[in-house]
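Data block below; observations after.
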Amino acid sequence: MGNEDQAKCVRCGACLSVCPVYEVTAHERFSPRGKQDLLGWLLSRGGRLAGCQGLLETLKACLQCHACSAVCPAGVRVDDLVWQVRRQTTSHTGLPWWLRGSFRAAASMPGVSSAMMKLPGSSGLLNRVLGLAAQGLDLGEMPEIAPVPALLADDIRSLAGDRERGAVGALFVGCVQNYMFPNVVRGMARWFNNRVFVPSGQVCCGLSAFSSGDVDLARSLAETNLMAFADTRTDFILTGCASCASMIKKWPLLFEPGDPMRERAEDAARKVVEFTEAVVRFHVVPEKIELLHPGPALLHLPCHQRYDACSREAPLALMEGLYPGMVSMLGECCGHGGAFSLGNPRLSSLIFQKRMEAVREIRPRVLFTTCSGCLLQWRSRLPRDPDMPVVIHPAEALVAD
Ligand code: SF4
Ligand code: SF4
């Protein structure tokens, strides 16, 4: 994008009404329209940001939520423009060094990364959390790191053997679920009862790296994952995170035509399916349906579920079946946005406070969401108060046997 898309903009302002960053800043340069003015101009001049703090702030202040593109009547894609400029200026706006180092280690040395996970009490995430603390970021109260990451837990590792016993779906865990929410993985395995297995050697899907413009790192992570899933010959790849699903659908973009990895990436992109969509599409019915938490329930639909190649109807259908009359937050970002919450903690917190208005009005007892980043945001920022809802993934909705 650049001048061509800038020429298409009719300056109607429709994108301003849906942009979570503009919602809390009310500042034109943080709106999609303002971004495309500033960044389109920058791109047409070679994309050099050096010394321009205002432009750097504008570039950082985008969640890549795609809401602006979804409503633009002229077909302008401001999220693409932001991404293109980030790609050109990755050394200025990429991931924090400690997070990039952690992802690089996982991509190039999955064995070492796996060994680090075994450090007592740390799950190998300790270095990332220390990195956060060192930067003095306000991230609310982080949920506890799992004592044993999902991919090393005996009950989940044993699911790898289900391949031999005839399981037809491969389960992609994702790094946040691995370190923080292994119960979501257990819940998915229960729903799919013997139909899914867990390939070992899988790492982060690469979305944070990709969104921040670090295509090399995203490609490296995708390659490691494609090797891990190479011999699986699955019917489908199941993930409990809408954002991971959206990134896996983008993997083919990371490889040139003719690269053997491109074919594997296309196969993975065709087969990946988000959990609620898989339950609805494959008519999965658990043996026992007993709700773990009473209603009222509130469903927060993640941006990647709404705008980015996942079904927005599936989570509604599934959760309304379990909680008739359930209320949904259909068009409202929680402010996490992966690396966005690290680079813009104040904006992330302000956006979250807007979502709290709905919680205070509806007063749910349980809140569901289908993205690991959204789960992290809700669980870390929700006040510690008995009146607040428990926050869980739909895969955790039922009582385990
Ligand atoms: S919605 Fe599209 S046409 Fe309207 S102001 Fe935004 S970018 Fe321009
Ligand atoms: S992608 Fe989202 S955060 Fe970024 S400019 Fe568009 S609406 Fe705003």
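Residues are named by chain letter and number: chains run A, B, ... in the order of the structure tokens, numbers start at 1 in each chain, and ligands are numbered from 1 in the order shown.
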Please extract the residues at most 8 Å from ligand 2, counting only C-alpha atoms and all ligand atoms, and provide them as a list in words, using the chain letters and residue numbers of this document.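 Those residues are Cys15, Leu16, Val18, Cys19, Pro20, Val21, Tyr22, Phe30, Ser31, Pro32, Arg33, Lys35, Ala61, Cys62, Leu63, Gln64, Cys65, His66, Ala67, Cys68, Ser69, Val78, Asp79 and Val82 of chain A.
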Would you export the selected residues with N, CA and C atoms as a PDB file, in the first residue's frame, please?
```pdb
ATOM      1  N   CYS A  15     -13.716   4.110   9.847  1.00  0.00           N
ATOM      2  CA  CYS A  15     -12.704   3.331  10.577  1.00  0.00           C
ATOM      3  C   CYS A  15     -12.460   3.885  11.984  1.00  0.00           C
ATOM      4  N   LEU A  16     -12.729   5.158  12.181  1.00  0.00           N
ATOM      5  CA  LEU A  16     -12.489   5.741  13.498  1.00  0.00           C
ATOM      6  C   LEU A  16     -13.419   5.139  14.550  1.00  0.00           C
ATOM      7  N   VAL A  18     -14.428   2.170  14.895  1.00  0.00           N
ATOM      8  CA  VAL A  18     -14.163   0.785  15.321  1.00  0.00           C
ATOM      9  C   VAL A  18     -12.743   0.580  15.845  1.00  0.00           C
ATOM     10  N   CYS A  19     -11.899   1.575  15.747  1.00  0.00           N
ATOM     11  CA  CYS A  19     -10.494   1.394  16.139  1.00  0.00           C
ATOM     12  C   CYS A  19     -10.350   1.504  17.661  1.00  0.00           C
ATOM     13  N   PRO A  20      -9.892   0.435  18.330  1.00  0.00           N
ATOM     14  CA  PRO A  20      -9.774   0.470  19.787  1.00  0.00           C
ATOM     15  C   PRO A  20      -8.775   1.519  20.269  1.00  0.00           C
ATOM     16  N   VAL A  21      -7.736   1.784  19.475  1.00  0.00           N
ATOM     17  CA  VAL A  21      -6.728   2.769  19.897  1.00  0.00           C
ATOM     18  C   VAL A  21      -7.313   4.176  19.820  1.00  0.00           C
ATOM     19  N   TYR A  22      -8.058   4.452  18.745  1.00  0.00           N
ATOM     20  CA  TYR A  22      -8.695   5.764  18.626  1.00  0.00           C
ATOM     21  C   TYR A  22      -9.767   5.931  19.711  1.00  0.00           C
ATOM     22  N   PHE A  30      -3.586   8.645  15.846  1.00  0.00           N
ATOM     23  CA  PHE A  30      -3.682   7.247  16.266  1.00  0.00           C
ATOM     24  C   PHE A  30      -4.867   6.543  15.612  1.00  0.00           C
ATOM     25  N   SER A  31      -5.648   7.264  14.825  1.00  0.00           N
ATOM     26  CA  SER A  31      -6.790   6.641  14.141  1.00  0.00           C
ATOM     27  C   SER A  31      -6.288   5.936  12.885  1.00  0.00           C
ATOM     28  N   PRO A  32      -7.060   4.987  12.331  1.00  0.00           N
ATOM     29  CA  PRO A  32      -6.632   4.346  11.078  1.00  0.00           C
ATOM     30  C   PRO A  32      -6.435   5.382   9.964  1.00  0.00           C
ATOM     31  N   ARG A  33      -7.334   6.358   9.886  1.00  0.00           N
ATOM     32  CA  ARG A  33      -7.201   7.378   8.833  1.00  0.00           C
ATOM     33  C   ARG A  33      -5.918   8.177   9.027  1.00  0.00           C
ATOM     34  N   LYS A  35      -3.258   7.171  10.609  1.00  0.00           N
ATOM     35  CA  LYS A  35      -2.111   6.283  10.371  1.00  0.00           C
ATOM     36  C   LYS A  35      -1.824   6.188   8.887  1.00  0.00           C
ATOM     37  N   ALA A  61       1.281   1.959  17.811  1.00  0.00           N
ATOM     38  CA  ALA A  61      -0.058   1.972  18.396  1.00  0.00           C
ATOM     39  C   ALA A  61      -1.099   1.334  17.479  1.00  0.00           C
ATOM     40  N   CYS A  62      -0.854   0.122  17.075  1.00  0.00           N
ATOM     41  CA  CYS A  62      -1.835  -0.613  16.268  1.00  0.00           C
ATOM     42  C   CYS A  62      -1.838  -2.061  16.727  1.00  0.00           C
ATOM     43  N   LEU A  63      -3.045  -2.580  17.013  1.00  0.00           N
ATOM     44  CA  LEU A  63      -3.187  -3.959  17.498  1.00  0.00           C
ATOM     45  C   LEU A  63      -3.219  -4.983  16.368  1.00  0.00           C
ATOM     46  N   GLN A  64      -3.219  -4.523  15.128  1.00  0.00           N
ATOM     47  CA  GLN A  64      -3.411  -5.427  13.978  1.00  0.00           C
ATOM     48  C   GLN A  64      -4.713  -6.226  14.159  1.00  0.00           C
ATOM     49  N   CYS A  65      -5.762  -5.515  14.588  1.00  0.00           N
ATOM     50  CA  CYS A  65      -7.027  -6.199  14.872  1.00  0.00           C
ATOM     51  C   CYS A  65      -7.881  -6.368  13.617  1.00  0.00           C
ATOM     52  N   HIS A  66      -7.593  -5.618  12.562  1.00  0.00           N
ATOM     53  CA  HIS A  66      -8.284  -5.691  11.259  1.00  0.00           C
ATOM     54  C   HIS A  66      -9.670  -5.051  11.247  1.00  0.00           C
ATOM     55  N   ALA A  67     -10.083  -4.438  12.366  1.00  0.00           N
ATOM     56  CA  ALA A  67     -11.427  -3.849  12.404  1.00  0.00           C
ATOM     57  C   ALA A  67     -11.574  -2.749  11.359  1.00  0.00           C
ATOM     58  N   CYS A  68     -10.517  -1.950  11.167  1.00  0.00           N
ATOM     59  CA  CYS A  68     -10.608  -0.823  10.220  1.00  0.00           C
ATOM     60  C   CYS A  68     -10.830  -1.330   8.793  1.00  0.00           C
ATOM     61  N   SER A  69     -10.101  -2.377   8.418  1.00  0.00           N
ATOM     62  CA  SER A  69     -10.248  -2.912   7.058  1.00  0.00           C
ATOM     63  C   SER A  69     -11.627  -3.516   6.848  1.00  0.00           C
ATOM     64  N   VAL A  78      -5.617  -0.374   6.259  1.00  0.00           N
ATOM     65  CA  VAL A  78      -4.641   0.333   7.082  1.00  0.00           C
ATOM     66  C   VAL A  78      -3.770  -0.660   7.859  1.00  0.00           C
ATOM     67  N   ASP A  79      -4.372  -1.788   8.294  1.00  0.00           N
ATOM     68  CA  ASP A  79      -3.567  -2.778   9.028  1.00  0.00           C
ATOM     69  C   ASP A  79      -2.411  -3.293   8.169  1.00  0.00           C
ATOM     70  N   VAL A  82       0.327  -0.583   8.063  1.00  0.00           N
ATOM     71  CA  VAL A  82       1.098  -0.576   9.311  1.00  0.00           C
ATOM     72  C   VAL A  82       2.105  -1.728   9.290  1.00  0.00           C
TER      73      VAL A  82
END
```
Determine, counting only C-alpha atoms, which protein, DNA and RNA residues have an atom within 10 Å of an atom of Val215 in chain A; residues of the same chain fewer than 6 positions away are not included. Present the result as a list of chain:residue names.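 The filter keeps A:Arg87, A:Thr90, A:Gly206, A:Leu207, A:Ala209, A:Leu221, A:Leu253, A:Leu254.
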Report as a list in words which protein, DNA and RNA residues come within 6 Å of ligand 1, using only C-alpha atoms and all ligand atoms.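 Within the 6 Å cut-off, the matching residues are Cys9, Val10, Arg11, Cys12, Gly13, Ala14, Cys15, Arg33, Cys72, Pro73, Ala74 and Val76 of chain A.
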Mind dumping the selected residues with N, CA and C atoms as a tab-separated table (two decimals), in the first residue's frame?
```tsv
chain	number	residue	atom	x	y	z
A	9	CYS	N	-8.93	6.48	-0.15
A	9	CYS	CA	-9.62	6.91	1.08
A	9	CYS	C	-10.54	8.10	0.78
A	10	VAL	N	-11.82	7.93	1.18
A	10	VAL	CA	-12.79	9.01	0.96
A	10	VAL	C	-13.00	9.84	2.24
A	11	ARG	N	-12.19	9.54	3.24
A	11	ARG	CA	-12.16	10.30	4.49
A	11	ARG	C	-13.52	10.30	5.19
A	12	CYS	N	-14.20	9.16	5.11
A	12	CYS	CA	-15.55	9.07	5.69
A	12	CYS	C	-15.52	8.95	7.21
A	13	GLY	N	-14.41	8.41	7.74
A	13	GLY	CA	-14.30	8.28	9.20
A	13	GLY	C	-14.90	7.00	9.75
A	14	ALA	N	-15.39	6.10	8.90
A	14	ALA	CA	-15.99	4.86	9.41
A	14	ALA	C	-14.99	4.07	10.26
A	15	CYS	N	-13.72	4.11	9.85
A	15	CYS	CA	-12.70	3.33	10.58
A	15	CYS	C	-12.46	3.89	11.98
A	33	ARG	N	-7.33	6.36	9.89
A	33	ARG	CA	-7.20	7.38	8.83
A	33	ARG	C	-5.92	8.18	9.03
A	72	CYS	N	-14.07	-0.49	6.12
A	72	CYS	CA	-13.75	0.57	5.16
A	72	CYS	C	-14.52	0.38	3.85
A	73	PRO	N	-15.37	1.34	3.47
A	73	PRO	CA	-16.16	1.17	2.23
A	73	PRO	C	-15.31	1.30	0.97
A	74	ALA	N	-14.09	1.84	1.11
A	74	ALA	CA	-13.24	2.05	-0.07
A	74	ALA	C	-12.20	0.95	-0.25
A	76	VAL	N	-9.68	0.27	1.75
A	76	VAL	CA	-8.34	0.61	2.24
A	76	VAL	C	-7.97	-0.34	3.37
```
Range 344-355 of chain A surroundings by only C-alpha atoms, 8 Å radius, close-in-sequence under 3 positions cut, as a ChimeraX atom specification: /A:20-21,23-24,60-61,137-139,332-336,340-341,358-359,381
Near Cys371 in chain A, counting only C-alpha atoms, which residues have an atom at most 12 Å away, once you skip same-chain residues fewer than 6 positions from it, shown as a VMD selection string? chain A and resid 173 to 177 181 184 239 to 246 274 to 276 299 to 306 310 315 333 to 334 336 to 338 377 to 378 391 to 395
Selection to disk with N, CA and C atoms, as a short mmCIF file (atom, residue, chain, number, x, y, z; two decimals), in the first residue's frame:
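Wrote it out as again02.cif, contents follow:
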```cif
data_model
loop_
_atom_site.label_atom_id
_atom_site.label_comp_id
_atom_site.auth_asym_id
_atom_site.auth_seq_id
_atom_site.Cartn_x
_atom_site.Cartn_y
_atom_site.Cartn_z
N VAL A 173 -0.65 -26.49 20.19
CA VAL A 173 -0.86 -25.95 21.54
C VAL A 173 -0.66 -24.43 21.58
N GLY A 174 0.44 -23.92 21.01
CA GLY A 174 0.72 -22.48 21.09
C GLY A 174 1.44 -22.16 22.40
N CYS A 175 2.27 -21.11 22.42
CA CYS A 175 3.17 -20.92 23.57
C CYS A 175 2.44 -20.45 24.82
N VAL A 176 1.43 -19.57 24.70
CA VAL A 176 0.76 -19.09 25.92
C VAL A 176 -0.01 -20.23 26.59
N GLN A 177 -0.70 -21.04 25.77
CA GLN A 177 -1.41 -22.19 26.34
C GLN A 177 -0.42 -23.17 26.96
N PHE A 181 -1.79 -22.10 30.26
CA PHE A 181 -3.14 -22.65 30.30
C PHE A 181 -3.20 -24.12 29.84
N VAL A 184 -6.56 -25.85 29.20
CA VAL A 184 -7.31 -25.68 27.94
C VAL A 184 -6.98 -26.86 27.01
N THR A 239 -6.65 -26.15 17.08
CA THR A 239 -6.02 -25.23 18.04
C THR A 239 -7.09 -24.53 18.87
N GLY A 240 -6.76 -24.28 20.12
CA GLY A 240 -7.69 -23.59 21.01
C GLY A 240 -7.49 -22.09 21.01
N CYS A 241 -6.75 -21.58 20.04
CA CYS A 241 -6.49 -20.14 20.00
C CYS A 241 -6.78 -19.59 18.60
N ALA A 242 -7.77 -18.67 18.53
CA ALA A 242 -8.13 -18.09 17.23
C ALA A 242 -6.95 -17.35 16.61
N SER A 243 -6.09 -16.77 17.44
CA SER A 243 -4.95 -16.04 16.89
C SER A 243 -3.92 -17.00 16.30
N CYS A 244 -3.67 -18.13 16.98
CA CYS A 244 -2.76 -19.14 16.39
C CYS A 244 -3.35 -19.64 15.07
N ALA A 245 -4.67 -19.89 15.04
CA ALA A 245 -5.30 -20.37 13.80
C ALA A 245 -5.09 -19.36 12.67
N SER A 246 -5.25 -18.08 12.99
CA SER A 246 -5.10 -17.07 11.93
C SER A 246 -3.65 -17.01 11.45
N GLU A 274 -10.03 -23.75 14.38
CA GLU A 274 -10.15 -23.28 15.77
C GLU A 274 -11.14 -24.18 16.52
N PHE A 275 -10.94 -24.32 17.85
CA PHE A 275 -11.68 -25.30 18.65
C PHE A 275 -13.21 -25.24 18.47
N THR A 276 -13.81 -24.07 18.68
CA THR A 276 -15.29 -24.03 18.63
C THR A 276 -15.78 -24.34 17.21
N LEU A 299 -19.61 -13.88 26.52
CA LEU A 299 -18.61 -14.35 25.54
C LEU A 299 -17.89 -13.15 24.96
N HIS A 300 -16.57 -13.15 25.09
CA HIS A 300 -15.76 -12.11 24.44
C HIS A 300 -15.17 -12.71 23.17
N LEU A 301 -15.56 -12.15 22.03
CA LEU A 301 -15.10 -12.69 20.75
C LEU A 301 -13.79 -11.99 20.35
N PRO A 302 -12.67 -12.73 20.27
CA PRO A 302 -11.38 -12.10 19.94
C PRO A 302 -11.38 -11.51 18.53
N CYS A 303 -10.52 -10.51 18.32
CA CYS A 303 -10.42 -9.87 17.00
C CYS A 303 -10.11 -10.90 15.92
N HIS A 304 -9.19 -11.83 16.20
CA HIS A 304 -8.83 -12.81 15.17
C HIS A 304 -9.96 -13.79 14.89
N GLN A 305 -10.87 -13.95 15.83
CA GLN A 305 -12.04 -14.80 15.58
C GLN A 305 -13.04 -14.05 14.69
N ARG A 306 -13.13 -12.74 14.89
CA ARG A 306 -14.12 -11.94 14.16
C ARG A 306 -13.70 -11.60 12.75
N CYS A 310 -11.42 -16.99 10.93
CA CYS A 310 -12.05 -17.97 11.82
C CYS A 310 -13.55 -17.72 11.77
N PRO A 315 -18.34 -19.98 17.88
CA PRO A 315 -18.35 -19.82 19.34
C PRO A 315 -19.72 -19.39 19.86
N CYS A 333 -12.42 -5.10 21.14
CA CYS A 333 -11.08 -5.62 21.42
C CYS A 333 -10.76 -5.48 22.91
N CYS A 334 -10.04 -6.46 23.47
CA CYS A 334 -9.70 -6.41 24.90
C CYS A 334 -8.42 -5.62 25.15
N HIS A 336 -5.24 -6.62 24.18
CA HIS A 336 -4.00 -7.40 24.35
C HIS A 336 -3.11 -7.28 23.11
N GLY A 337 -3.53 -7.86 22.00
CA GLY A 337 -2.80 -7.68 20.74
C GLY A 337 -1.37 -8.21 20.76
N GLY A 338 -1.08 -9.26 21.56
CA GLY A 338 0.26 -9.84 21.59
C GLY A 338 1.29 -8.81 22.01
N GLN A 377 -5.07 -11.46 28.93
CA GLN A 377 -5.45 -10.08 29.26
C GLN A 377 -6.55 -10.05 30.32
N TRP A 378 -7.60 -10.84 30.12
CA TRP A 378 -8.72 -10.84 31.07
C TRP A 378 -8.27 -11.35 32.43
N VAL A 391 -12.67 -16.48 34.34
CA VAL A 391 -12.39 -16.34 32.91
C VAL A 391 -11.83 -17.65 32.40
N ILE A 392 -12.53 -18.27 31.47
CA ILE A 392 -12.07 -19.57 30.96
C ILE A 392 -12.30 -19.68 29.46
N HIS A 393 -11.69 -20.70 28.89
CA HIS A 393 -11.85 -21.04 27.48
C HIS A 393 -13.05 -21.99 27.34
N PRO A 394 -13.78 -21.95 26.21
CA PRO A 394 -14.91 -22.87 26.05
C PRO A 394 -14.56 -24.34 26.29
N ALA A 395 -13.31 -24.73 26.01
CA ALA A 395 -12.92 -26.14 26.22
C ALA A 395 -12.93 -26.50 27.69
#
```
Leaving out Arg281 in chain A and any residue of its chain fewer than 3 positions from it, which residues lie within 12 Å of it when counting only C-alpha atoms, given as a compact mmCIF listing (two decimals) with N, CA and C atoms, in the first residue's frame?
```
# COMPACT_ATOMS: atom_id res chain seq x y z
N PHE A 236 -7.09 -32.95 10.27
CA PHE A 236 -7.24 -31.54 10.66
C PHE A 236 -6.22 -31.20 11.74
N LEU A 238 -6.04 -29.00 15.09
CA LEU A 238 -6.93 -28.34 16.05
C LEU A 238 -6.14 -27.37 16.91
N VAL A 273 -8.04 -25.62 12.24
CA VAL A 273 -9.41 -25.23 12.60
C VAL A 273 -9.45 -24.90 14.10
N GLU A 274 -10.03 -23.75 14.38
CA GLU A 274 -10.15 -23.28 15.77
C GLU A 274 -11.14 -24.18 16.52
N PHE A 275 -10.94 -24.32 17.85
CA PHE A 275 -11.68 -25.30 18.65
C PHE A 275 -13.21 -25.24 18.47
N THR A 276 -13.81 -24.07 18.68
CA THR A 276 -15.29 -24.03 18.63
C THR A 276 -15.78 -24.34 17.21
N GLU A 277 -15.02 -23.90 16.22
CA GLU A 277 -15.40 -24.18 14.84
C GLU A 277 -15.32 -25.69 14.58
N ALA A 278 -14.29 -26.32 15.15
CA ALA A 278 -14.13 -27.77 14.97
C ALA A 278 -15.28 -28.53 15.64
N VAL A 284 -19.15 -32.53 17.26
CA VAL A 284 -18.58 -33.19 18.44
C VAL A 284 -19.55 -33.02 19.62
N VAL A 285 -19.93 -34.15 20.22
CA VAL A 285 -20.81 -34.09 21.39
C VAL A 285 -20.11 -34.84 22.53
N SER A 311 -14.32 -18.75 12.17
CA SER A 311 -15.77 -18.57 12.17
C SER A 311 -16.21 -17.75 13.37
N GLU A 313 -19.42 -17.34 13.94
CA GLU A 313 -20.70 -17.94 14.35
C GLU A 313 -20.49 -19.13 15.29
N ALA A 314 -19.38 -19.88 15.09
CA ALA A 314 -19.20 -21.13 15.84
C ALA A 314 -19.16 -20.92 17.36
N PRO A 315 -18.34 -19.98 17.88
CA PRO A 315 -18.35 -19.82 19.34
C PRO A 315 -19.72 -19.39 19.86
N ALA A 317 -22.68 -20.20 18.53
CA ALA A 317 -23.57 -21.36 18.49
C ALA A 317 -23.26 -22.31 19.64
N LEU A 318 -21.96 -22.58 19.84
CA LEU A 318 -21.58 -23.54 20.88
C LEU A 318 -21.95 -23.03 22.27
```
Rank A:Val279, A:Leu367, A:Leu291, A:Ala146 by their smallest atom-to-atom distance to Val327 in chain A, using only C-alpha atoms, and report the top residue only. A:Leu367
Mind the document's chain letters and residue numbers, and return as a ChimeraX atom specification the residues of range 236-318 of chain A that DSSP labels alpha helix (DSSP H). /A:242-250,260-271,275-281,303-307,313-318
Could you write out the selected residues, including N, CA and C atoms, as a CSV table (one decimal), in the first residue's frame?
```
chain,number,residue,atom,x,y,z
A,242,ALA,N,-7.8,-18.7,18.5
A,242,ALA,CA,-8.1,-18.1,17.2
A,242,ALA,C,-7.0,-17.4,16.6
A,243,SER,N,-6.1,-16.8,17.4
A,243,SER,CA,-4.9,-16.0,16.9
A,243,SER,C,-3.9,-17.0,16.3
A,244,CYS,N,-3.7,-18.1,17.0
A,244,CYS,CA,-2.8,-19.1,16.4
A,244,CYS,C,-3.4,-19.6,15.1
A,245,ALA,N,-4.7,-19.9,15.0
A,245,ALA,CA,-5.3,-20.4,13.8
A,245,ALA,C,-5.1,-19.4,12.7
A,246,SER,N,-5.2,-18.1,13.0
A,246,SER,CA,-5.1,-17.1,11.9
A,246,SER,C,-3.7,-17.0,11.4
A,247,MET,N,-2.7,-17.2,12.4
A,247,MET,CA,-1.3,-17.2,11.9
A,247,MET,C,-0.9,-18.4,11.1
A,248,ILE,N,-1.5,-19.6,11.5
A,248,ILE,CA,-1.2,-20.8,10.7
A,248,ILE,C,-1.7,-20.7,9.3
A,249,LYS,N,-2.9,-20.0,9.2
A,249,LYS,CA,-3.4,-19.7,7.8
A,249,LYS,C,-2.5,-18.8,7.0
A,250,LYS,N,-1.7,-18.0,7.7
A,250,LYS,CA,-0.7,-17.1,7.0
A,250,LYS,C,0.6,-17.8,6.7
A,260,PRO,N,9.9,-26.1,-0.9
A,260,PRO,CA,9.1,-27.3,-0.4
A,260,PRO,C,8.3,-27.0,0.9
A,261,MET,N,8.8,-26.0,1.7
A,261,MET,CA,8.1,-25.7,2.9
A,261,MET,C,6.7,-25.0,2.6
A,262,ARG,N,6.7,-24.4,1.4
A,262,ARG,CA,5.4,-23.7,1.0
A,262,ARG,C,4.3,-24.7,0.9
A,263,GLU,N,4.6,-25.8,0.3
A,263,GLU,CA,3.5,-26.8,0.1
A,263,GLU,C,3.0,-27.3,1.5
A,264,ARG,N,4.0,-27.6,2.4
A,264,ARG,CA,3.6,-28.0,3.7
A,264,ARG,C,2.8,-27.0,4.4
A,265,ALA,N,3.2,-25.7,4.3
A,265,ALA,CA,2.5,-24.6,4.9
A,265,ALA,C,1.1,-24.5,4.4
A,266,GLU,N,0.9,-24.7,3.1
A,266,GLU,CA,-0.4,-24.6,2.5
A,266,GLU,C,-1.3,-25.7,3.0
A,267,ASP,N,-0.7,-26.9,3.2
A,267,ASP,CA,-1.4,-28.1,3.7
A,267,ASP,C,-1.9,-27.7,5.2
A,268,ALA,N,-1.0,-27.2,6.0
A,268,ALA,CA,-1.3,-26.8,7.4
A,268,ALA,C,-2.4,-25.8,7.4
A,269,ALA,N,-2.3,-24.8,6.5
A,269,ALA,CA,-3.2,-23.7,6.4
A,269,ALA,C,-4.6,-24.2,6.1
A,270,ARG,N,-4.7,-25.2,5.2
A,270,ARG,CA,-6.0,-25.8,4.8
A,270,ARG,C,-6.6,-26.5,6.0
A,271,LYS,N,-5.8,-27.2,6.8
A,271,LYS,CA,-6.3,-28.1,7.8
A,271,LYS,C,-6.5,-27.5,9.2
A,275,PHE,N,-10.9,-24.3,17.9
A,275,PHE,CA,-11.7,-25.3,18.6
A,275,PHE,C,-13.2,-25.2,18.5
A,276,THR,N,-13.8,-24.1,18.7
A,276,THR,CA,-15.3,-24.0,18.6
A,276,THR,C,-15.8,-24.3,17.2
A,277,GLU,N,-15.0,-23.9,16.2
A,277,GLU,CA,-15.4,-24.2,14.8
A,277,GLU,C,-15.3,-25.7,14.6
A,278,ALA,N,-14.3,-26.3,15.2
A,278,ALA,CA,-14.1,-27.8,15.0
A,278,ALA,C,-15.3,-28.5,15.6
A,279,VAL,N,-15.7,-28.1,16.8
A,279,VAL,CA,-16.8,-28.8,17.5
A,279,VAL,C,-18.0,-28.7,16.7
A,280,VAL,N,-18.3,-27.5,16.2
A,280,VAL,CA,-19.5,-27.3,15.4
A,280,VAL,C,-19.4,-28.1,14.0
A,281,ARG,N,-18.3,-27.9,13.4
A,281,ARG,CA,-18.1,-28.6,12.0
A,281,ARG,C,-18.2,-30.1,12.1
A,303,CYS,N,-10.5,-10.5,18.3
A,303,CYS,CA,-10.4,-9.9,17.0
A,303,CYS,C,-10.1,-10.9,15.9
A,304,HIS,N,-9.2,-11.8,16.2
A,304,HIS,CA,-8.8,-12.8,15.2
A,304,HIS,C,-10.0,-13.8,14.9
A,305,GLN,N,-10.9,-13.9,15.8
A,305,GLN,CA,-12.0,-14.8,15.6
A,305,GLN,C,-13.0,-14.0,14.7
A,306,ARG,N,-13.1,-12.7,14.9
A,306,ARG,CA,-14.1,-11.9,14.2
A,306,ARG,C,-13.7,-11.6,12.8
A,307,TYR,N,-12.4,-11.2,12.6
A,307,TYR,CA,-12.0,-10.6,11.3
A,307,TYR,C,-11.1,-11.4,10.5
A,313,GLU,N,-19.4,-17.3,13.9
A,313,GLU,CA,-20.7,-17.9,14.3
A,313,GLU,C,-20.5,-19.1,15.3
A,314,ALA,N,-19.4,-19.9,15.1
A,314,ALA,CA,-19.2,-21.1,15.8
A,314,ALA,C,-19.2,-20.9,17.4
A,315,PRO,N,-18.3,-20.0,17.9
A,315,PRO,CA,-18.4,-19.8,19.3
A,315,PRO,C,-19.7,-19.4,19.9
A,316,LEU,N,-20.4,-18.6,19.1
A,316,LEU,CA,-21.8,-18.2,19.5
A,316,LEU,C,-22.7,-19.4,19.6
A,317,ALA,N,-22.7,-20.2,18.5
A,317,ALA,CA,-23.6,-21.4,18.5
A,317,ALA,C,-23.3,-22.3,19.6
A,318,LEU,N,-22.0,-22.6,19.8
A,318,LEU,CA,-21.6,-23.5,20.9
A,318,LEU,C,-22.0,-23.0,22.3
```
Could you jot down the CA of Leu298 in chain A to CA of Ser328 in chain A separation for me, Å, one decimal place?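 These two atoms are separated by 5.6 Å.
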DSSP strand (DSSP E) selection over range 134-226 of chain A, as a tab-separated table (two decimals) with C-alpha atoms, in the first residue's frame:
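Listing of states-v6.tsv after writing:
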```tsv
chain	number	residue	atom	x	y	z
A	169	GLY	CA	-6.42	-34.62	14.32
A	170	ALA	CA	-3.13	-33.03	15.44
A	171	LEU	CA	-3.36	-30.58	18.33
A	172	PHE	CA	-1.40	-27.32	18.03
A	196	VAL	CA	-6.56	-35.82	18.60
A	197	PHE	CA	-2.87	-36.35	19.36
```
To one decimal in Å, tell me the separation between CA of Arg77 in chain A and CA of Leu43 in chain A. 14.2 Å
Please measure the separation of CA of Asp154 in chain A and CA of Ala222 in chain A, giving the value in Å to one decimal. 25.3 Å
